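First the structure, in the form of structure tokens, and then the observations on it.
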Amino acid sequence: MRTNRHLTTTIPLVLSIVLVPLTIGMAFWWTGEDIDQGLSQKIFYFHVPIALTSYAAFGYGAFCAAMYLWKRTEVWDLRSYVGIHSGTIFGTLVLITGPIWAKASWGVWWNWSDRQLNVFLILFLYYCAYFMLRFSLDEGERRRSASAVFALLGIGLIPMSLLAVRVAQTLIHPTVFTSSGAAMPGTFVLTFLVGMAAMLSLMVLLISVELRGKRAAARVLQLQRIARGEDA
Amino acid sequence: MQPPVITLTECSKRFGERLALRKATLRVAGGETVVVLGPNGAGKSTLLRLVAGLLRPTAGSARIGDVEAISAPKDVRAGIAYAGHQPQLYRGLTASENLALHLRLHQTTADTQALLEQVGLGDRADERIDGFSRGMLQRLALARATAHQPVLLLLDEPASGLDADGRALLDDTLRAGIGQRTQLVASHDHELAARLGVREVRLDNGGIA
Amino acid sequence: MIGAALTIARVKLVLEIRRREVIFAMLLFIAATIVIVHFALSGDTGAGTRAAAGMLWAAVVFTAVLGLLRTFSAEHEGGVLDALLLAPIDRAAIWLGTALAQFGFLVVIEVVAVPVWWALFFQQDGPSIGTVVVALLLADIGIALVGTLSAALALGARTRDVLLPVLVLPLLIPVVLGGVTATYGAFGEEVGGLQPLGFLALYDLVFIALAWGTSDHLLGD
């Protein structure tokens, strides 16, 4: 069990140390420059993997929320919280890298007709509300189940937001990836995939480190209770 | 339906950092009446709410018959009555409307007027309860709690706010229930158990003494 | 299940008819919101159909949030929620009944507000009213559902009144997007292949399913 827990931190740590610099190297020195967008297109190798990674983290958080409602063990609540927390961190990065790309491509910091960016804005507001809900309820059963139910609503909100902005707007997002995928040379695709792997391992690292901290804190609380003679 | 056996096994409930109930173990036989005594904050209300299935134990279990109280199915819930500190009545409805609503949700029928007369509120049936005194609300809460013929009656300090007549009425209700249904009464009244001739347990600082 | 939900919805409507506090507050609020948004967006009558559509939807959503603040207050006051949780009914019936009542309030408000909105902004060629009505009804279902869910989650929170709008509004952004687009469509604008009305209906279905699946964990401990 102990070695197992170490591995969930060590493996993503090693992967992150290797893959993140590798992505930077590949993006700047290996891939050629995009004909239309030039240097500014390089942010694509970071912005898009970060965005997809934050969806993955939100998905993980929702999955753990469902597991909590099923199993009712505290660890699933912690996992769900930590997953959403790291999703929000990556989401913040999306909201930072997105405007940089927008500024370079369109000359404005925020483009209201960029669908992905708008969806992230909605999700960002929503997950900030998750933290507000969580911290205005007292620790205990009620807080855990309310947080879990709210996290699960995200399962509905993510596709509904994507659809809603699609319904409401015509898109002008720079499509590097067309649906056929043929617009990109092989070096682009490979760099993108390495970037994706880098961000995912960074996410796993973030989750497992924070989870260890939360578990340690919970254990300290438990020991304090035992010391008070409450042993529960 | 048979009056159920109540079993608390090392049942604890924590609110934040406060341990309201500490490893309580208690068995109440089917049809038995037990008075739970203890000072304010001893955990009496928490214990009753755990048995009612309104709270989920932090550790241990609270069972009604052979099901966990918190996940009691509808047919078990149909036999439970719980009256707590709050009257559990809509303030904007009249006394008889409140009872009628309760009966409808329990899918039973009864003569609401007769029920109200039993608790001495026959002539106030069509008054909205936001004008009722504490004692009148307590009487109405008692009528509500027994209206659907429960087999498990949980009363949390039912005598507070009642006058002498009201307390006599409460004693009669409890006495009539002995052997008929399982009854658990949280109270400050040290003589109650002796008057009814039933068992009492003491709660202190979250633990059963 | 449906029977119990209707019983609860009826009680809530009866309470509202007797006290009228929520409906009156909502009516005044929606009127004030329309006026404020109107002046905030230029103040002249020629603000354009798009601005008028936006005004309607902003006003509807904020008014709905105001109504939601009182959603479970009748139950919370007297501890009625305990009685409902112990009654032999599905937990889902409690929020469904509450959402039905909430839906009723919204419809009543809109019956008054939409004609006023119409009279204020369109002297002659207004939108096709049928589309706007259908969009509002579909949106009301979603708003009532999601709002009741959030109100149930916020029960027992320390800062319930502040928390509830923060929880609800992000969840309602898709409804506003769909509703506004549908209203543009009602003015004869080309709104694209994906039908906004279909989207609103889909939103309702998705959140009905989610609410149903989680209803046992919504209320109570």
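Naming works like this for the structure tokens: A, B, ... for the chains as they're shown, residue 1 at the start of each chain, ligands 1 onward in shown order.
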- Message: as an MDAnalysis selection string, please: the residues near Thr112 (chain B) (cut-off 7 Å, only C-alpha atoms, same-chain neighbours under 6 positions excluded).
- Response: chainID B and resid 96 99:100
Would you mind exporting all heavy atoms of the selected residues as a JSON list (two decimals), in the first residue's frame?
```json
[["chain", "number", "residue", "atom", "x", "y", "z"],
["B", 96, "SER", "N", -56.45, 22.12, 10.62],
["B", 96, "SER", "CA", -56.98, 20.92, 9.95],
["B", 96, "SER", "C", -56.34, 20.72, 8.58],
["B", 96, "SER", "O", -56.13, 19.59, 8.16],
["B", 96, "SER", "CB", -58.51, 21.00, 9.84],
["B", 96, "SER", "OG", -58.88, 22.03, 8.99],
["B", 99, "LEU", "N", -53.12, 18.85, 9.20],
["B", 99, "LEU", "CA", -53.35, 17.43, 9.45],
["B", 99, "LEU", "C", -53.75, 16.71, 8.16],
["B", 99, "LEU", "O", -53.29, 15.60, 7.89],
["B", 99, "LEU", "CB", -54.46, 17.25, 10.49],
["B", 99, "LEU", "CG", -54.05, 17.37, 11.95],
["B", 99, "LEU", "CD1", -55.23, 17.02, 12.85],
["B", 99, "LEU", "CD2", -52.87, 16.47, 12.27],
["B", 100, "ALA", "N", -54.61, 17.35, 7.37],
["B", 100, "ALA", "CA", -55.06, 16.72, 6.12],
["B", 100, "ALA", "C", -53.88, 16.47, 5.19],
["B", 100, "ALA", "O", -53.77, 15.41, 4.56],
["B", 100, "ALA", "CB", -56.10, 17.61, 5.44]]
```
Once you count only C-alpha atoms, what closest atom pair and distance in Å to one decimal does each residue of chain A within 10 Å of chain B have, with rows by chain and rising residue number, as a Markdown table?
```
| residue | atom | partner | partner_atom | distance |
| --- | --- | --- | --- | --- |
| A:Leu137 | CA | B:Gly16 | CA | 9.7 |
| A:Asp138 | CA | B:Gly16 | CA | 6.0 |
| A:Glu139 | CA | B:Gly16 | CA | 4.9 |
| A:Gly140 | CA | B:Gly16 | CA | 6.1 |
| A:Glu141 | CA | B:Arg56 | CA | 7.2 |
| A:Arg142 | CA | B:Arg56 | CA | 9.0 |
| A:Leu221 | CA | B:Glu17 | CA | 9.2 |
| A:Arg225 | CA | B:Glu17 | CA | 8.8 |
| A:Glu230 | CA | B:Arg22 | CA | 7.4 |
| A:Asp231 | CA | B:Arg22 | CA | 9.0 |
| A:Ala232 | CA | B:Ala59 | CA | 7.0 |
```
- Message: Residues of chain B were defined as contacting chain C if any atom lay at most 8 Å from it, counting only C-alpha atoms; please report them as an MDAnalysis selection string.
- Response: chainID B and resid 52:56 73:78 80:82 86:93 101 105:106
Selection from above, C-alpha atoms, as a PDB file, in the first residue's frame, can you write it?
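The result, written out as out_3.pdb:
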```pdb
ATOM      1  CA  ALA B  52     -35.690   8.577  12.680  1.00  0.00           C
ATOM      2  CA  GLY B  53     -33.229   8.361   9.789  1.00  0.00           C
ATOM      3  CA  LEU B  54     -32.930  12.145   9.490  1.00  0.00           C
ATOM      4  CA  LEU B  55     -29.210  11.989  10.263  1.00  0.00           C
ATOM      5  CA  ARG B  56     -26.575   9.626   8.956  1.00  0.00           C
ATOM      6  CA  PRO B  73     -37.675   2.340   2.540  1.00  0.00           C
ATOM      7  CA  LYS B  74     -41.081   3.941   2.189  1.00  0.00           C
ATOM      8  CA  ASP B  75     -43.029   1.183   3.950  1.00  0.00           C
ATOM      9  CA  VAL B  76     -40.807   1.511   7.035  1.00  0.00           C
ATOM     10  CA  ARG B  77     -41.019   5.310   6.986  1.00  0.00           C
ATOM     11  CA  ALA B  78     -44.807   5.027   6.828  1.00  0.00           C
ATOM     12  CA  ILE B  80     -42.435   6.268  11.881  1.00  0.00           C
ATOM     13  CA  ALA B  81     -43.585   9.390  13.672  1.00  0.00           C
ATOM     14  CA  TYR B  82     -41.119  11.987  14.871  1.00  0.00           C
ATOM     15  CA  GLN B  86     -40.008  22.444  15.643  1.00  0.00           C
ATOM     16  CA  PRO B  87     -43.712  21.722  15.075  1.00  0.00           C
ATOM     17  CA  GLN B  88     -43.127  20.532  11.464  1.00  0.00           C
ATOM     18  CA  LEU B  89     -46.256  22.365  10.388  1.00  0.00           C
ATOM     19  CA  TYR B  90     -46.825  24.938   7.653  1.00  0.00           C
ATOM     20  CA  ARG B  91     -47.403  28.266   9.394  1.00  0.00           C
ATOM     21  CA  GLY B  92     -49.654  29.540   6.618  1.00  0.00           C
ATOM     22  CA  LEU B  93     -52.095  26.612   6.780  1.00  0.00           C
ATOM     23  CA  LEU B 101     -51.774  17.303   4.292  1.00  0.00           C
ATOM     24  CA  LEU B 105     -48.728  12.310   2.287  1.00  0.00           C
ATOM     25  CA  HIS B 106     -49.127   9.152   4.356  1.00  0.00           C
TER      26      HIS B 106
END
```
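Between CA of Met136 (chain B) and CA of Leu121 (chain B) the separation is 7.6 Å.
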Which residues of chain C are close to chain A, meaning at most 7 Å apart when you count only C-alpha atoms, and how do they look as a PDB file with N, CA, C and O atoms, in the first residue's frame?
```pdb
ATOM      1  N   LEU C 153     -29.495  22.302  -2.296  1.00  0.00           N
ATOM      2  CA  LEU C 153     -28.090  22.127  -1.911  1.00  0.00           C
ATOM      3  C   LEU C 153     -27.646  23.202  -0.927  1.00  0.00           C
ATOM      4  O   LEU C 153     -26.843  22.953  -0.032  1.00  0.00           O
ATOM      5  N   GLY C 156     -29.078  25.017   4.746  1.00  0.00           N
ATOM      6  CA  GLY C 156     -28.155  24.706   5.816  1.00  0.00           C
ATOM      7  C   GLY C 156     -26.796  25.362   5.638  1.00  0.00           C
ATOM      8  O   GLY C 156     -25.936  25.234   6.487  1.00  0.00           O
ATOM      9  N   ALA C 157     -26.599  26.060   4.517  1.00  0.00           N
ATOM     10  CA  ALA C 157     -25.331  26.773   4.338  1.00  0.00           C
ATOM     11  C   ALA C 157     -25.360  28.043   5.170  1.00  0.00           C
ATOM     12  O   ALA C 157     -26.421  28.608   5.401  1.00  0.00           O
ATOM     13  N   ARG C 158     -24.189  28.469   5.604  1.00  0.00           N
ATOM     14  CA  ARG C 158     -24.127  29.638   6.481  1.00  0.00           C
ATOM     15  C   ARG C 158     -24.605  30.895   5.761  1.00  0.00           C
ATOM     16  O   ARG C 158     -25.252  31.737   6.340  1.00  0.00           O
ATOM     17  N   THR C 159     -24.245  31.012   4.484  1.00  0.00           N
ATOM     18  CA  THR C 159     -24.564  32.244   3.759  1.00  0.00           C
ATOM     19  C   THR C 159     -25.511  31.944   2.617  1.00  0.00           C
ATOM     20  O   THR C 159     -25.249  32.254   1.470  1.00  0.00           O
ATOM     21  N   LEU C 163     -25.090  32.663  -1.363  1.00  0.00           N
ATOM     22  CA  LEU C 163     -24.604  31.479  -2.072  1.00  0.00           C
ATOM     23  C   LEU C 163     -25.496  31.116  -3.253  1.00  0.00           C
ATOM     24  O   LEU C 163     -25.012  30.795  -4.346  1.00  0.00           O
ATOM     25  N   VAL C 166     -24.972  32.611  -6.675  1.00  0.00           N
ATOM     26  CA  VAL C 166     -23.674  32.188  -7.192  1.00  0.00           C
ATOM     27  C   VAL C 166     -23.746  30.761  -7.746  1.00  0.00           C
ATOM     28  O   VAL C 166     -23.119  30.428  -8.747  1.00  0.00           O
ATOM     29  N   LEU C 167     -24.534  29.910  -7.102  1.00  0.00           N
ATOM     30  CA  LEU C 167     -24.683  28.532  -7.581  1.00  0.00           C
ATOM     31  C   LEU C 167     -25.519  28.475  -8.852  1.00  0.00           C
ATOM     32  O   LEU C 167     -25.211  27.746  -9.790  1.00  0.00           O
ATOM     33  N   PRO C 170     -24.311  30.454 -12.995  1.00  0.00           N
ATOM     34  CA  PRO C 170     -23.506  29.771 -14.023  1.00  0.00           C
ATOM     35  C   PRO C 170     -24.280  28.630 -14.694  1.00  0.00           C
ATOM     36  O   PRO C 170     -24.162  28.429 -15.897  1.00  0.00           O
ATOM     37  N   LEU C 171     -25.097  27.918 -13.897  1.00  0.00           N
ATOM     38  CA  LEU C 171     -25.866  26.805 -14.461  1.00  0.00           C
ATOM     39  C   LEU C 171     -26.912  27.301 -15.453  1.00  0.00           C
ATOM     40  O   LEU C 171     -27.353  26.551 -16.326  1.00  0.00           O
ATOM     41  N   PRO C 174     -26.367  28.638 -20.097  1.00  0.00           N
ATOM     42  CA  PRO C 174     -26.837  28.005 -21.336  1.00  0.00           C
ATOM     43  C   PRO C 174     -28.308  28.316 -21.639  1.00  0.00           C
ATOM     44  O   PRO C 174     -28.670  28.499 -22.803  1.00  0.00           O
ATOM     45  N   LEU C 177     -28.411  31.719 -23.188  1.00  0.00           N
ATOM     46  CA  LEU C 177     -27.907  31.662 -24.565  1.00  0.00           C
ATOM     47  C   LEU C 177     -28.967  31.092 -25.502  1.00  0.00           C
ATOM     48  O   LEU C 177     -29.253  31.653 -26.567  1.00  0.00           O
ATOM     49  N   GLY C 178     -29.576  29.986 -25.077  1.00  0.00           N
ATOM     50  CA  GLY C 178     -30.603  29.362 -25.914  1.00  0.00           C
ATOM     51  C   GLY C 178     -31.813  30.267 -26.071  1.00  0.00           C
ATOM     52  O   GLY C 178     -32.350  30.431 -27.169  1.00  0.00           O
ATOM     53  N   THR C 181     -31.115  33.372 -28.267  1.00  0.00           N
ATOM     54  CA  THR C 181     -31.014  32.982 -29.671  1.00  0.00           C
ATOM     55  C   THR C 181     -32.395  32.686 -30.251  1.00  0.00           C
ATOM     56  O   THR C 181     -32.712  33.087 -31.381  1.00  0.00           O
ATOM     57  N   LEU C 194     -28.634  24.458 -35.641  1.00  0.00           N
ATOM     58  CA  LEU C 194     -29.047  23.878 -34.367  1.00  0.00           C
ATOM     59  C   LEU C 194     -30.181  24.711 -33.787  1.00  0.00           C
ATOM     60  O   LEU C 194     -30.023  25.879 -33.483  1.00  0.00           O
ATOM     61  N   PRO C 196     -32.478  26.500 -31.415  1.00  0.00           N
ATOM     62  CA  PRO C 196     -32.419  26.897 -30.004  1.00  0.00           C
ATOM     63  C   PRO C 196     -33.551  26.314 -29.159  1.00  0.00           C
ATOM     64  O   PRO C 196     -33.339  25.987 -27.995  1.00  0.00           O
ATOM     65  N   TYR C 203     -31.788  20.693 -22.712  1.00  0.00           N
ATOM     66  CA  TYR C 203     -31.283  21.150 -21.410  1.00  0.00           C
ATOM     67  C   TYR C 203     -32.211  20.654 -20.296  1.00  0.00           C
ATOM     68  O   TYR C 203     -31.765  20.115 -19.287  1.00  0.00           O
ATOM     69  N   VAL C 206     -31.782  16.871 -19.792  1.00  0.00           N
ATOM     70  CA  VAL C 206     -30.516  16.513 -19.152  1.00  0.00           C
ATOM     71  C   VAL C 206     -30.585  16.773 -17.653  1.00  0.00           C
ATOM     72  O   VAL C 206     -30.202  15.923 -16.831  1.00  0.00           O
ATOM     73  N   PHE C 207     -31.131  17.940 -17.277  1.00  0.00           N
ATOM     74  CA  PHE C 207     -31.144  18.249 -15.848  1.00  0.00           C
ATOM     75  C   PHE C 207     -32.253  17.514 -15.094  1.00  0.00           C
ATOM     76  O   PHE C 207     -32.105  17.255 -13.899  1.00  0.00           O
ATOM     77  N   LEU C 210     -30.420  14.311 -14.345  1.00  0.00           N
ATOM     78  CA  LEU C 210     -29.426  14.475 -13.277  1.00  0.00           C
ATOM     79  C   LEU C 210     -30.088  14.668 -11.914  1.00  0.00           C
ATOM     80  O   LEU C 210     -29.661  14.105 -10.913  1.00  0.00           O
ATOM     81  N   THR C 214     -29.873  12.094  -8.570  1.00  0.00           N
ATOM     82  CA  THR C 214     -29.229  12.501  -7.325  1.00  0.00           C
ATOM     83  C   THR C 214     -30.239  12.863  -6.239  1.00  0.00           C
ATOM     84  O   THR C 214     -29.837  13.286  -5.163  1.00  0.00           O
ATOM     85  N   HIS C 217     -29.942  12.247  -2.509  1.00  0.00           N
ATOM     86  CA  HIS C 217     -28.843  12.859  -1.758  1.00  0.00           C
ATOM     87  C   HIS C 217     -29.009  14.361  -1.609  1.00  0.00           C
ATOM     88  O   HIS C 217     -28.173  15.032  -1.037  1.00  0.00           O
ATOM     89  N   LEU C 218     -30.124  14.873  -2.176  1.00  0.00           N
ATOM     90  CA  LEU C 218     -30.303  16.321  -2.240  1.00  0.00           C
ATOM     91  C   LEU C 218     -30.640  16.918  -0.898  1.00  0.00           C
ATOM     92  O   LEU C 218     -30.093  17.923  -0.480  1.00  0.00           O
ATOM     93  N   ASP C 221     -29.574  14.661   5.570  1.00  0.00           N
ATOM     94  CA  ASP C 221     -28.168  14.601   5.954  1.00  0.00           C
ATOM     95  C   ASP C 221     -27.372  13.767   4.968  1.00  0.00           C
ATOM     96  O   ASP C 221     -27.810  12.747   4.514  1.00  0.00           O
TER      97      ASP C 221
END
```
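Put simply, CA of Ala58 (chain C) is 13.9 Å away from CA of Ile109 (chain C).
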